[in-house]
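K.L.:
Here's a structure for you.
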Amino acid sequence: MKKNIFIYSDKIKSGKTTKLFQWLAAQKNVAGILQPVIDGKRFFYSIVDKSIIQLEISDEVKIGLEKNDLITIGNYNFLKSGFDKAKEILLRDFSKDYHWLIIDEIGPLELNNSGLEPAISKIIKEKENFKGNILIVVRNKLLDTVIKHYKLEEYELFSFRA
């Protein structure tokens, strides 16, 4: 069995996405999504399309939204449509021949079968069909839970080489 799952884990707000953007600048043939914070709100960034997708919204904006396009966890309000677009991008990129597929990030929503699910489960289950490597970003407090939840027996911890 090919080991093509890598996990990049660090603390919340430790600059995981920023480090990935810096790493990306020197890479070729990379796809997937990152979750940058812009002006205090979280967005999805499609690596292939170089496009930004709105994810997090303020309390003021949520008032005019349909309930079915809102996912709230703690103090955060997310657009379901943002997750839907990100899932489309991940599955599209997974079906192609990239060297790396980045999934930033698996968190509490995914562990509760929301957010980027079921796309992440499909990618992990069918990882042998992907020729490249899959890089999953996980905050360190959730690392063991994510490994157990997704039954990740074969993985390697990812680190940036100087």
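Following the order of the structure tokens, chains are lettered A, B, ..., residues in each are numbered from 1, and ligands are numbered from 1.
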So that I can see what lies close to Ser58 in chain A, please list as a PyMOL selection string the residues with an atom at most 10 Å from it, counting only C-alpha atoms and leaving out residues fewer than 5 positions away in the same chain.

P.N.:
chain A and resi 40-41+63+75-78

K.L.:
When DSSP works through the backbone of this structure, what residues of range 5-152 of chain A end up as alpha helix (DSSP H), shown as a VMD selection string?

P.N.:
chain A and resid 16 to 24 59 to 62 80 to 94 108 to 111 119 to 125 143 to 149

K.L.:
From the set A:Leu152, A:Ile89, A:Ile106, A:Leu101, which residue has the shortest atom-to-atom contact distance to Ile124 in chain A, counting only C-alpha atoms?

P.N.:
A:Leu152

K.L.:
Can you work out which one of A:Gln27, A:Ser81, A:Ser46, A:Asn4 has the shortest atom-to-atom distance to Glu126 in chain A, counting only C-alpha atoms?

P.N.:
A:Asn4

K.L.:
Per residue of range 2-96 of chain A within 6 Å of range 128-145 of chain A, what are the shortest atom pair and its distance in Å to one decimal, counting only C-alpha atoms, with rows by chain and residue number, as JSON lines?

P.N.:
{"residue": "A:Asn4", "atom": "CA", "partner": "A:Asn133", "partner_atom": "CA", "distance": 4.7}
{"residue": "A:Ile5", "atom": "CA", "partner": "A:Ile134", "partner_atom": "CA", "distance": 4.9}
{"residue": "A:Phe6", "atom": "CA", "partner": "A:Leu135", "partner_atom": "CA", "distance": 4.7}
{"residue": "A:Ile7", "atom": "CA", "partner": "A:Ile136", "partner_atom": "CA", "distance": 4.8}
{"residue": "A:Tyr8", "atom": "CA", "partner": "A:Val137", "partner_atom": "CA", "distance": 4.8}
{"residue": "A:Ser9", "atom": "CA", "partner": "A:Val138", "partner_atom": "CA", "distance": 4.9}
{"residue": "A:Asp10", "atom": "CA", "partner": "A:Asn140", "partner_atom": "CA", "distance": 4.9}
{"residue": "A:Lys11", "atom": "CA", "partner": "A:Asn140", "partner_atom": "CA", "distance": 5.4}
{"residue": "A:Ile12", "atom": "CA", "partner": "A:Arg139", "partner_atom": "CA", "distance": 5.9}

K.L.:
From a DSSP pass on the backbone, collect the residues of range 15-159 of chain A flagged as strand (DSSP E) and hand them back as a ChimeraX atom specification.

P.N.:
/A:30-34,37-38,41-46,51-54,56-57,70-73,76-79,100-106,133-139,156-157

K.L.:
Convert the current residue selection to file output with C-alpha atoms, as a short mmCIF file (atom, residue, chain, number, x, y, z; two decimals), in the first residue's frame.

P.N.:
data_model
loop_
_atom_site.label_atom_id
_atom_site.label_comp_id
_atom_site.auth_asym_id
_atom_site.auth_seq_id
_atom_site.Cartn_x
_atom_site.Cartn_y
_atom_site.Cartn_z
CA VAL A 30 -0.06 21.55 -6.62
CA ALA A 31 -3.85 21.71 -6.22
CA GLY A 32 -6.46 21.86 -3.47
CA ILE A 33 -7.56 24.55 -1.07
CA LEU A 34 -6.09 26.78 1.61
CA VAL A 37 -7.76 34.75 7.01
CA ILE A 38 -8.30 38.09 5.25
CA LYS A 41 -12.50 36.52 8.18
CA ARG A 42 -11.77 33.05 6.84
CA PHE A 43 -11.89 32.35 3.11
CA PHE A 44 -11.11 29.41 0.86
CA TYR A 45 -8.38 29.84 -1.73
CA SER A 46 -8.33 27.55 -4.77
CA SER A 51 -9.48 32.42 -6.64
CA ILE A 52 -10.93 33.38 -3.28
CA ILE A 53 -14.24 31.98 -2.02
CA GLN A 54 -16.05 33.62 0.87
CA GLU A 56 -16.84 33.25 7.11
CA ILE A 57 -19.34 36.06 7.51
CA LEU A 70 -25.42 29.07 7.31
CA ILE A 71 -23.24 26.86 9.46
CA THR A 72 -22.55 28.24 12.92
CA ILE A 73 -19.93 26.82 15.26
CA TYR A 76 -18.16 31.67 13.81
CA ASN A 77 -20.69 31.90 10.99
CA PHE A 78 -19.81 30.09 7.76
CA LEU A 79 -21.51 29.98 4.38
CA TRP A 100 0.19 17.45 -4.24
CA LEU A 101 -3.43 17.91 -3.16
CA ILE A 102 -3.74 20.21 -0.14
CA ILE A 103 -6.74 20.09 2.21
CA ASP A 104 -6.62 23.04 4.63
CA GLU A 105 -8.05 22.05 7.08
CA ILE A 106 -9.84 19.24 8.88
CA ASN A 133 0.45 13.09 -2.34
CA ILE A 134 -2.41 14.32 -0.18
CA LEU A 135 -1.48 16.92 2.43
CA ILE A 136 -4.01 17.36 5.21
CA VAL A 137 -3.78 20.29 7.62
CA VAL A 138 -4.93 19.64 11.20
CA ARG A 139 -4.56 21.71 14.35
CA GLU A 156 3.63 10.69 7.40
CA LEU A 157 3.97 13.92 9.35
#

K.L.:
What's the separation between CA of Leu109 in chain A and CA of Lys122 in chain A, in Å to one decimal place?

P.N.:
16.0 Å

K.L.:
Taking only C-alpha atoms into account, which of A:Lys50, A:Lys19, A:Gly74, A:Lys3 comes nearest Tyr155 in chain A?

P.N.:
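Counting only C-alpha atoms, the residue closest to Tyr155 in chain A is A:Lys3.
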
K.L.:
When distances are computed from only C-alpha atoms, which of A:Lys13, A:His149, A:Lys67, A:Lys85 shows the smallest separation from Asn113 in chain A?

P.N.:
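Using only C-alpha atoms, Asn113 in chain A sits closest to A:His149.
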